[in-house]
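> Okay, here's the structure, questions in a sec.
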Amino acid sequence: MFSDKEQFKELFLRKLEMTYGKSVEETCRRDQFHVLGMMVREYISKDWIESAEKARTSKSKQIYYLSIEFLPGRFLGNNLLNLGITELLKEGLDELGIDLSDIEDIEADAGLGNGGLGRLAACFLDSLASLSLPGHGCGIRYKHGLFEQKFVDGFQVELPEQWLSHGFVWEVRKPDLAEEIPFWGTVESYSDGGRLKFRHIDAVKVLAVPYDVPVVGYQNKTVNTLRLWSAEPALVPWQKDIMKYKRETEAVTEFLYPNDTHDEGKILRLKQQYFLVAATLKSIMGSFRKKYNDIHLFHEKIGLHINDTHPVLAIPELMRILIDEENLTWDDAWNITTKCISYTNHTTLSEALEKWPVRILEPLLPRIYMIIHEINERYCQDLWAAYPGNWNHIEQMAIIAHGEVKMAHLAIAGSFSVNGVAKLHTEILKNREMKNFFDFYPSKFNNKTNGITHRRWLMKANPELCGLITEAIGEEWKSSPEQLELLNPYYNDNSFLGGLRDVKKIKKHQLADRIYKNTGLRVNVDSIFDVQVKRLHAYKRQLLNVFHIMHLYNRMKEDKHYKPYPRTFIFGAKASPGYYYAKKVIKLINSVAEKVNNDRDVNSYIQVVFLENYNVSLAEEIFPATEVSEQISTASKEASGTGNMKFMMNGAVTIGTLDGANVEMEERLGPENIFIFGLNADQVISYLANGGYSPYDYYHGDERIQLICNQLINGFFPNSSEHFETIFDSLLTENDQFFVLRDFASYISTQRQVEEAYQDQASWSQKSLKNIAMSGFFSSDRTVKEYADEIWNIKPL
Ligand SMILES: *Cc1c(COP(=O)(O)O)cnc(C)c1O
C-alpha cells in the first residue's frame, strides 16, 4: 500500500512491470488504467472489509435498495475524490509523464440504467456511504448496458454497449455466494404435521452469481457494497437441449431494456425482475439467519426499499419465504412483510405503470402468483369492508383485474411507505392519480424530493468552481452542502462574480473542445450555451426547444436586421429504439442543425449541436459549461427531474415550467433567478380533464407557429419531409397532447427575456451565484437523510 507520492510511484511502476512484463514507456493507457484501478481497489479493501464486518456483526438495521437500474458512470475519479487521494496520484503520475485525466478517460461507463431513475439510485449509494449509513445497492449486472447511440444520416442507430469487454476492475466475483432461482414448473401441496403447505417443483433453475462493487464514502472510511447479480446456467444433469438451456439462462442478464418510462411487458423482463428480487432475498436471508434466530425480528433488522415497481415481486417473494420456509402463518408473514417494504413511485404517466398479464406471470412464477392472488383476495375483502357494495371502486383499486396484475397497486398494498419524488408529484399522487389509495391508506404517503450527489456533480465535474467556492467560504460545504448558502453574501462582490464568469469560460472552452472532437464543429464560446440533455420523450418537449430555434432562424431570414444574441443550442438524448415519434424528433434536431450550421446568414448567431451517446461521463462535461438549462416538460408530467439540479448546482440559469422539482427550485430562488413560462400543472390537468385544447386555434392564430409547422412537411427540409409528418400529425391530428403549441408564445417571449438578462453580465452572474448558493438543498445527502429518518429508521454507524 502507498501513503505518499514516492511510494505510490514506486508501487505503480512495479505493478505495471509485474502485470504486463514491459517497461512504463511500452505500456498503453489501458494497461495503466487497469493497474491504477487494481491499486485503488487494494487501497479500499481494508475499509471495505471493515465496513462489511460491521454490517455483519452490528445489530443495527440494514437497508437494501433494490433497483433494476443503476447508472453510476465511471468509478475511478469518484473513488479518488472520496478517498481524498486525487492530488497525490495526479502529482505522482505527472512526474511519470502520465496525465491522470487521460487514464480516467479509458474507463467505460457503467451504464446499467436508462436515465434519471438509475442515476438517482447511483447518487443515493454515494450519499448512503458518505453519510456512513448501512445501505446497500442490489441490482443486475447486465452484460450490455444501455445501447450506444450513433447518428447515421441524422437518424439514431443503436449499437450494443460493451462495457465489460476489457473487464470491470472494480467488481469482485463471488461464486461461493451464488443462488439458484427457479422459474416455470408447478406448485404441489403437501401436509406437514397436519398443516397444508406448498412447494414449487419441476422448476427450471438459473444460477445467480453476485459481483460486488465497493461504494466508497466521502473521506469517512465507510465502504458499502453494490451487489450486481449475473445469470449463469445452474449445475443441472446433462440434458438434450443443454445448449438451449445455457442460452436461455444467460439471456436473463444479457441486456438492459432500453425503455425509459415505458412498460414493455416482455417475459424476459419479468424474469429479470424476479431474478433480482429472489437472489437478493436469498442472500439477505442467509446473512439474517447467521445473525439472529428469531424471524420475528426481520422487519426490525432489515429494510427493503423498492425503486419504482420493477422490484415489487419482493413482496410476494418475502411472503413465500416466511410462509413456505419459515413456517409462519399468513398473518404473521404479512405483518413482517408490510413493515419491511417501502416503495418510491417515479411517474404518473400511464404508459409507464407496470401491468403483467396473469397468463404470463402465473406459468413463469406459479407459487408467486398464488401468493399475489391470495394477497389480492384479502386486500379486496378489506376494501369491501371499507366500501361495501362499491364494486366499481374496488375493481379500480384491485391488484388483479381483467386478467392483469397491477404492480403499483401491489406495491402500495404491500408496503408501509409510498413516496413521490418532488412536492408537486406527491400532491398529484395523493389528490389525483393515486387518490383512491391515499384515501384508504393516508399515512403511507409521503414526499422525498430527489437530490443529486454534489460530490460527483460539483466537486468532481467542476473542480474549478469547487476551488472558487472553497476560496470564498471554506471547506465545510463539502460535507454540509446546505452551507453553499454562505455564498449569498457575495451577491454584490464583483471580484467573486468575475471569478464565476472566468470559471464558466474555462468550462465552456473545455466543452467546445469536446464538441469539436466529437462532431468537428467549432462553436462560438462567447455565445450563450443553452442546453437540453435528457432522454428523448414527447413530454420533455425537445420539440418546443426546436421550434424556438426554427423561429429564430425564420426571423433572421425574414428580417436581415434582426440579430439575436449569439447562442449555441446543445442537445443530448437517446430515444428508446422502439419509440417511433422520439426517433423522428432526433432526425428533426439533426436536420435543423444541418440547416442552421451551414447557413451563413444565421450561423454566426445561432449554432445547433447534437452530441451522440449522452451518458454520465458526457454529462459531467456538459453541466459545468451550461448557462441556460432547459427544463421545459409539460407541467405535471415530469415527476421530479434531477438534471435540473445538476445544472443549478453548476450555476446555470433555468428556463422551465412549474413542473417536478422546478417548483421547489423556484421557491428557493425567487422568481428573479429562474425563468418560468407556460401552463402550470393545474391548468394542464384541467385541460386534459376536459378533452384537451384546440391546437388549430394556435396554428391559425399565430403565423410563427403556422410557418414552423408547415416547414415540417413542405420540403423546407429537403428529402426529409415525410419523416416529420408524424410530428406534424402529433400536433394537429392528435391534438398536441403535450401542449407544445399552447406554450409556444410564452416560451418564445420568456426566451427573449433570457437573452436580455444574459446581456447584463453582472446581474446574470448574480442569478448564477444564487443558483449555486441555493442548490445545497438538492444534494442527495439531504434526500437520503430524509429517507433514513422518516422511512427507514436507520442511524449512521
Ligand atoms: C441526470 C441524468 C439524467 C436525468 O436527467 P433529467 O433531465 O432529470 O431527465 C439522465 N441521464 C443522465 C446520464 C443523467 O446524468
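For the C-alpha cells, the naming scheme is as follows: chains receive sequential letters (A, B, ...) according to their order of presentation, residues are indexed from 1 within each chain, and ligands are indexed from 1 in presentation order.
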Quick one: residues within 8 Å of region 731-734 of chain A, only C-alpha atoms, excluding same-chain residues fewer than 5 positions away - as a list in words?

Pro695, Tyr696, Val740 and Leu741 of chain A

> May I have the residues from that selection written out with all heavy atoms, as a PDB file, in the first residue's frame?


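Result written to out-v5.pdb:
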ATOM      1  N   PRO A 695     -55.415  22.858 -30.749  1.00  0.00           N
ATOM      2  CA  PRO A 695     -54.163  23.343 -31.338  1.00  0.00           C
ATOM      3  C   PRO A 695     -54.395  24.107 -32.641  1.00  0.00           C
ATOM      4  O   PRO A 695     -53.604  24.990 -32.982  1.00  0.00           O
ATOM      5  CB  PRO A 695     -53.354  22.062 -31.577  1.00  0.00           C
ATOM      6  CG  PRO A 695     -54.295  20.928 -31.434  1.00  0.00           C
ATOM      7  CD  PRO A 695     -55.420  21.388 -30.598  1.00  0.00           C
ATOM      8  N   TYR A 696     -55.484  23.797 -33.362  1.00  0.00           N
ATOM      9  CA  TYR A 696     -55.756  24.508 -34.618  1.00  0.00           C
ATOM     10  C   TYR A 696     -55.908  26.002 -34.402  1.00  0.00           C
ATOM     11  O   TYR A 696     -55.503  26.804 -35.244  1.00  0.00           O
ATOM     12  CB  TYR A 696     -56.997  23.931 -35.316  1.00  0.00           C
ATOM     13  CG  TYR A 696     -56.595  22.943 -36.388  1.00  0.00           C
ATOM     14  CD1 TYR A 696     -56.662  21.578 -36.159  1.00  0.00           C
ATOM     15  CD2 TYR A 696     -56.102  23.409 -37.613  1.00  0.00           C
ATOM     16  CE1 TYR A 696     -56.254  20.676 -37.134  1.00  0.00           C
ATOM     17  CE2 TYR A 696     -55.690  22.520 -38.590  1.00  0.00           C
ATOM     18  CZ  TYR A 696     -55.772  21.153 -38.353  1.00  0.00           C
ATOM     19  OH  TYR A 696     -55.355  20.285 -39.304  1.00  0.00           O
ATOM     20  N   VAL A 740     -47.450  21.746 -26.855  1.00  0.00           N
ATOM     21  CA  VAL A 740     -46.311  22.444 -27.458  1.00  0.00           C
ATOM     22  C   VAL A 740     -46.767  23.772 -28.058  1.00  0.00           C
ATOM     23  O   VAL A 740     -46.174  24.825 -27.782  1.00  0.00           O
ATOM     24  CB  VAL A 740     -45.645  21.555 -28.542  1.00  0.00           C
ATOM     25  CG1 VAL A 740     -44.545  22.320 -29.270  1.00  0.00           C
ATOM     26  CG2 VAL A 740     -45.086  20.276 -27.908  1.00  0.00           C
ATOM     27  N   LEU A 741     -47.820  23.725 -28.852  1.00  0.00           N
ATOM     28  CA  LEU A 741     -48.277  24.966 -29.487  1.00  0.00           C
ATOM     29  C   LEU A 741     -48.893  25.916 -28.459  1.00  0.00           C
ATOM     30  O   LEU A 741     -48.748  27.129 -28.551  1.00  0.00           O
ATOM     31  CB  LEU A 741     -49.285  24.655 -30.608  1.00  0.00           C
ATOM     32  CG  LEU A 741     -48.809  23.681 -31.693  1.00  0.00           C
ATOM     33  CD1 LEU A 741     -49.809  23.635 -32.850  1.00  0.00           C
ATOM     34  CD2 LEU A 741     -47.421  24.036 -32.207  1.00  0.00           C
TER      35      LEU A 741
END

> Using only C-alpha atoms, determine which residues lie at most 12 Å from Gln761 (chain A), disregarding the query and same-chain residues fewer than 5 positions distant; provide the list as a ChimeraX atom specification.

/A:494,497-498,500-501,528,627,754-756,766-768

> Select, from A:Ser23, A:Asn376, A:Thr449, A:Gln162, the residue with the minimum atom-to-atom distance to Glu786 (chain A), counting only C-alpha atoms.

A:Thr449

> Please write out the residues within 9 Å of ligand 1 as JSON, numbers by chain, counting only C-alpha atoms and all ligand atoms.

{"A": [71, 72, 73, 111, 113, 114, 115, 116, 117, 118, 119, 120, 452, 457, 532, 533, 534, 535, 536, 540, 573, 614, 615, 616, 617, 618, 619, 620, 630, 631, 638, 640, 641, 642, 643, 644, 645, 646]}

> Do a neighbour search on region 654-669 of chain A at 9 Å with only C-alpha atoms, toss out local chain neighbours closer than 2 positions, and write the hits as a count of residues only.

49

> With distances taken over only C-alpha atoms, which of A:Met556, A:Leu228, A:Ile341, A:Ile570 is nearest to Ile515 (chain A)?

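Selected residue with least distance to Ile515 (chain A): A:Ile570.
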
> Measuring between only C-alpha atoms, which one of A:Glu612, A:Asp599, A:Asp530, A:Asp559 shows the shortest distance to Asn518 (chain A)?

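The shortest atom-to-atom distance to Asn518 (chain A) comes from A:Glu612.
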
> In Å, rounded to a single decimal, give me how far CA of Phe416 (chain A) is from CA of Asn446 (chain A).

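Separation of CA of Asn446 (chain A) and CA of Phe416 (chain A): 10.6 Å.
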
> Show me, as a PyMOL selection string, the residues that have an atom within 8 Å of Asp263 (chain A) when counting only C-alpha atoms, minus same-chain residues fewer than 5 positions from it.

chain A and resi 351-355
